[in-house]
Amino acid sequence: MRDINSGEKLVEKISGFLKDFDYEIVAIENRSELTRFAESYIHQNVAETNLKLVIKIIDKDKIGMVTMNSIDDHTLSQNIQKAIEITKMSPKLDYGYRLVPPQRYTLKCKYSQKTAQFTPLKRAQLISQLMEKVHQRKYDTAGAFTTEENTLLVANSEGVFAFDKGTKVEFNCVITRNNSTAHCSFISAAIDDLDFERCTDELLLTASQNKNQIEIEPGVYTVILSPEAVSEILNYACYAAFNGKMIMEGQSFISNNRGKKLFPETINILDDPFEKLTMPLPCDFVGWPREKVYLVKDGIIVDGVYDHNTALKYNKKCTANTLPPEHTSSGALPFNVVMKEGDKTIEEMISSTKKGVYISRLHYVNILNPMSIQLTGMTRNGTFMIKDGEMTKAVKNMRFNTSVVDMLKAVDMISKEKKAKEGYIGPTVAPYLRTNNFTFSSNTSF
Amino acid sequence: MKKVLKNILDWLELKVNYADLRFVQTEEENIEAENGILSFYNISTNRGVGIRVLVNGAWGFAASNNLSRTSLLETANKALEIAQASALVKKGEVKLAPQKKHLATYITPIIKDPFRVSPSEKIDLLVKVTKAMLKDKVKKSNGSLEFIKTYKIFISTEGSEIEQTIIKSGGGIIASAIGVEDFQTRSYPSGLGGDYATCGYELIEEMKLTENAERISEEANQLLTAPPLPAGKTDIVLGGSQLALQVHESCGHPIELDRVLGKEISYAGGSFLTLDKLGHFIFGSPEVTIVADATVPRGLGTFGYDDEGVPASKTYLINKGKLEGYLMSREDAVTLGLPSNGAARAENWNRIPLVRMTNVNLLPGKLELDELIGDIKEGLYFDTNKSWSIDDKRLNFQFGTEVAREIKNGKLGRIYKNAIYQGITPKFWKSCDGISDKKYWKVWGIPDCGKGQPSQSMHVGHGTSPARFRKVKVGASQ
């Protein structure tokens, strides 16, 4: 699918096989390259060209689906035949299925020609420069550098047709010397946004502070979370709570709390494809145009996001959050999670903290209790005590078992600055956050 | 296909120190039902070729779904271009542990081909069991079946030519009891999507999903009104499927040699089982012997050859509590001056082989289950995983299970909900003082072990039988 014409031809070809049926098509083509380094050498350097084509056949209230990664005539015809057979033998759905009517798309994927054409040699050169600077300070480096180009096609027999190309750059790096470590990560559509110098300087500064870690007692603390840590928490909170299917089934905290003002007015969480730091898609995976959806507005719980199937089943409005077809049963997730910024600088947040903990990064976060949005996880690569307005000693890593609801209720400062981190579909964007209710449950030895 | 691959390999031969080509073709069938209604049925086919080259001691890999000779030559050229770039950042020449050439075929032994079982039989089963679970407060029931057939060709410049056909089956059911501000789930035969194995449809028949549907529905209903587990320190028994995940997270991952060497440190993390500990570190009590065994029948990590053409093998990792070995690829094994033990596995044609678990099994002990529980005055039996988390060196872990059952004077009693237990890996394994015997031992399949960048989801197995641990910190999620 080099261009829109080849996308149109593919749809035409498929429709030729499916004269008697309605259908939905999702095709994702990707050219992805990744360079991974550790122990002072590139230990993985890979490139991939692949395609995923999903054809869903709809015969009134019966649905069958096939997925393939080749689009030659033989493969297409064989798979479509299978899909027709599945559709015919499938029992009926318990709700009426309707296709999305034709739509106009105003949002575009972000695309950078330079990113699409970035070479393995250029990635290696940048990694080499970073390593040289970091090795001078006797730190080891490890990380990954990805550049990719993705093409999305969404179509159906009612006339929905969306076709777009986007690019992505991701970089992450950890530097280590004994127990002194630091981490940085970056995500954007454009390679020119990646500031290697700044990344390197941040790594070296954090690592120089993150040494001789002390142990602190588990308990409830005031913490300042980095944007990366906030994003990680938001990603899990959205998975546990803001999925419309789970809400309608009574399996979410939101099920009983829509319309309630639970958080300070400064808390605004939304799915916002228009946020400049995220990377939007023109539509969801059935063709509804992407839109801005408030999840929490001025501290009030609004609602979750809804996929096409759940919306049809429960007579709700689809919020253009239908996931790729293989995740049909899972419901919906926000594609571009954003927490709105506040009015503080990170310096003001630290200097006004009498006693607290600064958390750079979280590790292996998981859901403990979806009904209270209680999460668990570890801190990693830089946790620091704050005392009398200053970051003092580094702290050994801690396990947290904390409720996101309680945590957000106790937020009293939000930064102006925001950063993007990988999300489920598009990047999640979050500021620094200070909360007076964050529970550490145990510690570890490093 | 083999002829085309050989042609590309011949073209590469003079340009590389080493090259291997993998063709992988997968057919997959996924069926899901919810509340007695079919909710998802997908048949998926996927194929492509991955080309891995070592040029001037540096790696390059390229993969494509386009199988024409022209495209594969372009892919081979891309792999060479990438290897040249890798050579810009190297500390020495990558060496591979020696490996004999193998001309072989391997086929998963199965009794009943899952792809020959009619779709309507599979749909009927799931519709029936998900209907049967809808009792009282169980307002949501899920059932799933998955069948995968993978045909692989591996050829290398060392002369190996290996063809494998691996067939996997899996499935499970979940009952969710939903209250006003709480919901509780019970899964069967294990949490996290059910159980999987390299075998045919016989696995699904042996599961007896219909016979277990009402039982787990009742248990989910009971959990809804059960008290949360009080916090404390107590003796615990871990049921087989929960113990499988315990082995996975606290032994399987830290014993991967690439993690130990720091290659995963920026993402999944490192390992506390550093090289200086090999041969003498006491990981657990003398009861604890853990092997990596890719030959065990029906293990989800069972195969003929790994994705570097190394034959499946059995390796002692922990022997009577002592660290004795690592999971290794050919490249990483060189660090220890050892041959690979066949643990380099790739998710598909578009991923390079990484050090992965095969079947990492805790060998059975000698106790009857009654004896294991009988020796506990006050304690708990944890069953079926619900939540998991472990630090980036694999020391501080915390697991949540669907249910904890009280043990009082050696007898099972009331149930608790929202149960969690927490520990530090070697301390925990040193507290293991009893493992039930081989009649309780079973290899559990975990179909979604994640690792690497780009991410690779791997199918692995863990043989376990219920085991006892002393003075463990327990509590409840809030």
# chains A, B, ... in the order shown; residues from 1 in each chain; ligands from 1

call {"tool": "interface_residues", "arguments": {"of": "chain B", "to": "chain A", "cutoff": "6 Å", "atoms": "only C-alpha atoms", "output": "list in words"}}
result
Asn42, Ile43, Ser44, Thr45, Asn46, Gly60, Phe61, Ala62, Ala63, Ser64, Asn65, Ile82, Ala85, Ser86, Val89, Lys90, Lys91, Lys263, Ser266, Ser389, Asp391, Asn396 and Ser477 of chain B

call {"tool": "write_last_selection", "arguments": {"atoms": "N, CA and C atoms", "output": "mmCIF file, in the first residue's frame"}}
result
data_model
loop_
_atom_site.group_PDB
_atom_site.id
_atom_site.type_symbol
_atom_site.label_atom_id
_atom_site.label_comp_id
_atom_site.auth_asym_id
_atom_site.auth_seq_id
_atom_site.Cartn_x
_atom_site.Cartn_y
_atom_site.Cartn_z
ATOM 1 N N ASN B 42 -11.928 -15.900 14.698
ATOM 2 C CA ASN B 42 -10.963 -15.410 13.713
ATOM 3 C C ASN B 42 -10.054 -16.533 13.279
ATOM 4 N N ILE B 43 -9.887 -16.635 11.967
ATOM 5 C CA ILE B 43 -8.866 -17.550 11.443
ATOM 6 C C ILE B 43 -7.780 -16.676 10.848
ATOM 7 N N SER B 44 -6.553 -16.973 11.247
ATOM 8 C CA SER B 44 -5.450 -16.105 10.847
ATOM 9 C C SER B 44 -4.356 -16.915 10.163
ATOM 10 N N THR B 45 -3.827 -16.379 9.090
ATOM 11 C CA THR B 45 -2.671 -17.012 8.445
ATOM 12 C C THR B 45 -1.570 -15.977 8.342
ATOM 13 N N ASN B 46 -0.354 -16.422 8.510
ATOM 14 C CA ASN B 46 0.761 -15.492 8.554
ATOM 15 C C ASN B 46 2.007 -16.223 8.065
ATOM 16 N N GLY B 60 23.205 -8.399 11.661
ATOM 17 C CA GLY B 60 22.166 -7.714 10.899
ATOM 18 C C GLY B 60 20.994 -8.666 10.729
ATOM 19 N N PHE B 61 19.799 -8.129 10.738
ATOM 20 C CA PHE B 61 18.605 -8.971 10.557
ATOM 21 C C PHE B 61 17.558 -8.186 9.791
ATOM 22 N N ALA B 62 16.985 -8.836 8.788
ATOM 23 C CA ALA B 62 15.869 -8.214 8.070
ATOM 24 C C ALA B 62 14.835 -9.289 7.773
ATOM 25 N N ALA B 63 13.578 -8.858 7.740
ATOM 26 C CA ALA B 63 12.497 -9.823 7.562
ATOM 27 C C ALA B 63 11.416 -9.235 6.679
ATOM 28 N N SER B 64 10.783 -10.090 5.882
ATOM 29 C CA SER B 64 9.744 -9.606 4.987
ATOM 30 C C SER B 64 8.634 -10.634 4.824
ATOM 31 N N ASN B 65 7.439 -10.105 4.604
ATOM 32 C CA ASN B 65 6.296 -10.980 4.312
ATOM 33 C C ASN B 65 6.176 -11.268 2.816
ATOM 34 N N ILE B 82 22.493 -3.569 7.386
ATOM 35 C CA ILE B 82 22.328 -3.377 8.835
ATOM 36 C C ILE B 82 23.557 -3.887 9.584
ATOM 37 N N ALA B 85 26.222 -1.410 9.548
ATOM 38 C CA ALA B 85 25.971 -0.332 10.513
ATOM 39 C C ALA B 85 26.301 -0.797 11.925
ATOM 40 N N SER B 86 25.940 -2.020 12.256
ATOM 41 C CA SER B 86 26.222 -2.554 13.598
ATOM 42 C C SER B 86 27.728 -2.554 13.878
ATOM 43 N N VAL B 89 29.517 0.107 15.969
ATOM 44 C CA VAL B 89 29.490 0.107 17.438
ATOM 45 C C VAL B 89 29.669 -1.329 17.913
ATOM 46 N N LYS B 90 30.916 -1.759 17.986
ATOM 47 C CA LYS B 90 31.163 -3.119 18.481
ATOM 48 C C LYS B 90 32.384 -3.118 19.382
ATOM 49 N N LYS B 91 32.395 -4.091 20.290
ATOM 50 C CA LYS B 91 33.540 -4.147 21.206
ATOM 51 C C LYS B 91 34.460 -5.305 20.862
ATOM 52 N N LYS B 263 21.814 -7.208 28.667
ATOM 53 C CA LYS B 263 21.270 -6.845 27.358
ATOM 54 C C LYS B 263 19.812 -6.386 27.415
ATOM 55 N N SER B 266 17.755 -1.952 29.840
ATOM 56 C CA SER B 266 17.036 -0.695 29.616
ATOM 57 C C SER B 266 15.530 -0.913 29.570
ATOM 58 N N SER B 389 3.823 -8.893 39.794
ATOM 59 C CA SER B 389 4.761 -7.786 39.624
ATOM 60 C C SER B 389 6.056 -8.152 40.332
ATOM 61 N N ASP B 391 10.456 -6.746 40.783
ATOM 62 C CA ASP B 391 11.368 -5.637 40.478
ATOM 63 C C ASP B 391 12.309 -5.983 39.320
ATOM 64 N N ASN B 396 12.195 -8.415 44.585
ATOM 65 C CA ASN B 396 10.951 -8.126 45.303
ATOM 66 C C ASN B 396 9.765 -8.458 44.394
ATOM 67 N N SER B 477 -5.493 -6.905 48.573
ATOM 68 C CA SER B 477 -5.562 -5.651 47.828
ATOM 69 C C SER B 477 -6.764 -4.875 48.375
#

call {"tool": "residues_around", "arguments": {"residues": "Glu228 in chain A", "least_positions_apart": "6", "cutoff": "12 Å", "atoms": "only C-alpha atoms", "output": "PyMOL selection string"}}
result
chain A and resi 172+183-187+234-235+339+359-363+379-381+417-423+427-433

call {"tool": "residues_around", "arguments": {"residues": "Leu203 in chain B", "least_positions_apart": "4", "cutoff": "9 Å", "atoms": "only C-alpha atoms", "output": "JSON, numbers by chain"}}
result
{"B": [169, 170, 171, 195, 196, 197, 199, 207]}

call {"tool": "select_by_dssp", "arguments": {"residues": "range 302-389 of chain B", "states": "strand (DSSP E)", "output": "number ranges by chain"}}
result
B: 314-319, 322-323, 344-345, 354-355, 360-362, 378-389

call {"tool": "select_by_dssp", "arguments": {"residues": "range 129-338 of chain A", "states": "alpha helix (DSSP H)", "output": "PyMOL selection string"}}
result
chain A and resi 129-136+196-209+227-241+244-248+308-314

call {"tool": "closest_residue", "arguments": {"among": "B:Pro254, B:Pro353, B:Gly374, B:Pro228", "to": "Ala419 in chain B", "atoms": "only C-alpha atoms"}}
result
B:Pro228

call {"tool": "residues_around", "arguments": {"residues": "range 442-447 of chain B", "least_positions_apart": "5", "cutoff": "7 Å", "atoms": "only C-alpha atoms", "output": "VMD selection string"}}
result
chain B and resid 195 to 197 241 244 299 to 300 458 to 465

call {"tool": "write_last_selection", "arguments": {"atoms": "N, CA and C atoms", "output": "JSON list (two decimals), in the first residue's frame"}}
result
[["chain", "number", "residue", "atom", "x", "y", "z"],
["B", 195, "ASP", "N", -5.23, -22.77, 30.01],
["B", 195, "ASP", "CA", -4.03, -23.60, 29.89],
["B", 195, "ASP", "C", -3.75, -23.93, 28.43],
["B", 196, "TYR", "N", -2.48, -24.09, 28.12],
["B", 196, "TYR", "CA", -2.04, -24.34, 26.76],
["B", 196, "TYR", "C", -1.02, -25.46, 26.75],
["B", 197, "ALA", "N", -0.91, -26.18, 25.64],
["B", 197, "ALA", "CA", 0.11, -27.24, 25.52],
["B", 197, "ALA", "C", 0.41, -27.50, 24.05],
["B", 241, "SER", "N", -0.93, -23.96, 39.33],
["B", 241, "SER", "CA", -0.86, -22.94, 38.28],
["B", 241, "SER", "C", -0.27, -21.64, 38.82],
["B", 244, "ALA", "N", 3.40, -22.07, 38.96],
["B", 244, "ALA", "CA", 3.98, -21.96, 37.61],
["B", 244, "ALA", "C", 4.41, -20.52, 37.35],
["B", 299, "GLY", "N", 4.72, -29.93, 26.82],
["B", 299, "GLY", "CA", 5.07, -28.61, 27.35],
["B", 299, "GLY", "C", 4.84, -27.55, 26.28],
["B", 300, "LEU", "N", 4.34, -26.38, 26.69],
["B", 300, "LEU", "CA", 4.10, -25.34, 25.69],
["B", 300, "LEU", "C", 5.43, -24.84, 25.10],
["B", 458, "MET", "N", 6.09, -14.97, 23.87],
["B", 458, "MET", "CA", 6.56, -16.34, 23.72],
["B", 458, "MET", "C", 5.67, -17.33, 24.47],
["B", 459, "HIS", "N", 5.59, -18.53, 23.94],
["B", 459, "HIS", "CA", 4.85, -19.62, 24.57],
["B", 459, "HIS", "C", 5.83, -20.45, 25.40],
["B", 460, "VAL", "N", 5.60, -20.51, 26.70],
["B", 460, "VAL", "CA", 6.51, -21.25, 27.58],
["B", 460, "VAL", "C", 5.72, -22.16, 28.51],
["B", 461, "GLY", "N", 6.40, -23.13, 29.09],
["B", 461, "GLY", "CA", 5.73, -24.06, 29.99],
["B", 461, "GLY", "C", 6.42, -24.11, 31.35],
["B", 462, "HIS", "N", 5.67, -24.52, 32.35],
["B", 462, "HIS", "CA", 6.23, -24.68, 33.70],
["B", 462, "HIS", "C", 5.61, -25.89, 34.37],
["B", 463, "GLY", "N", 6.43, -26.91, 34.61],
["B", 463, "GLY", "CA", 5.96, -28.08, 35.34],
["B", 463, "GLY", "C", 6.04, -27.79, 36.84],
["B", 464, "THR", "N", 4.92, -27.98, 37.53],
["B", 464, "THR", "CA", 4.91, -27.75, 38.97],
["B", 464, "THR", "C", 3.93, -28.72, 39.64],
["B", 465, "SER", "N", 4.16, -28.95, 40.93],
["B", 465, "SER", "CA", 3.12, -29.55, 41.78],
["B", 465, "SER", "C", 3.07, -28.66, 43.02]]

call {"tool": "atom_distance", "arguments": {"atom1": "CA of Phe147 in chain B", "atom2": "CA of Lys168 in chain B"}}
result
5.7 Å

call {"tool": "atom_distance", "arguments": {"atom1": "CA of Leu238 in chain B", "atom2": "CA of Glu406 in chain B"}}
result
12.2 Å

call {"tool": "closest_residue", "arguments": {"among": "B:Val403, B:Val55, B:Thr105, B:Leu369", "to": "Glu219 in chain B", "atoms": "only C-alpha atoms"}}
result
B:Val403

call {"tool": "closest_residue", "arguments": {"among": "A:Asn309, A:Ser188, A:Gln78, A:Asn178", "to": "Glu148 in chain A", "atoms": "only C-alpha atoms"}}
result
A:Ser188

call {"tool": "closest_residue", "arguments": {"among": "A:Phe335, A:Phe384, A:Phe21, A:Tyr424", "to": "Asp59 in chain A", "atoms": "only C-alpha atoms"}}
result
A:Phe21
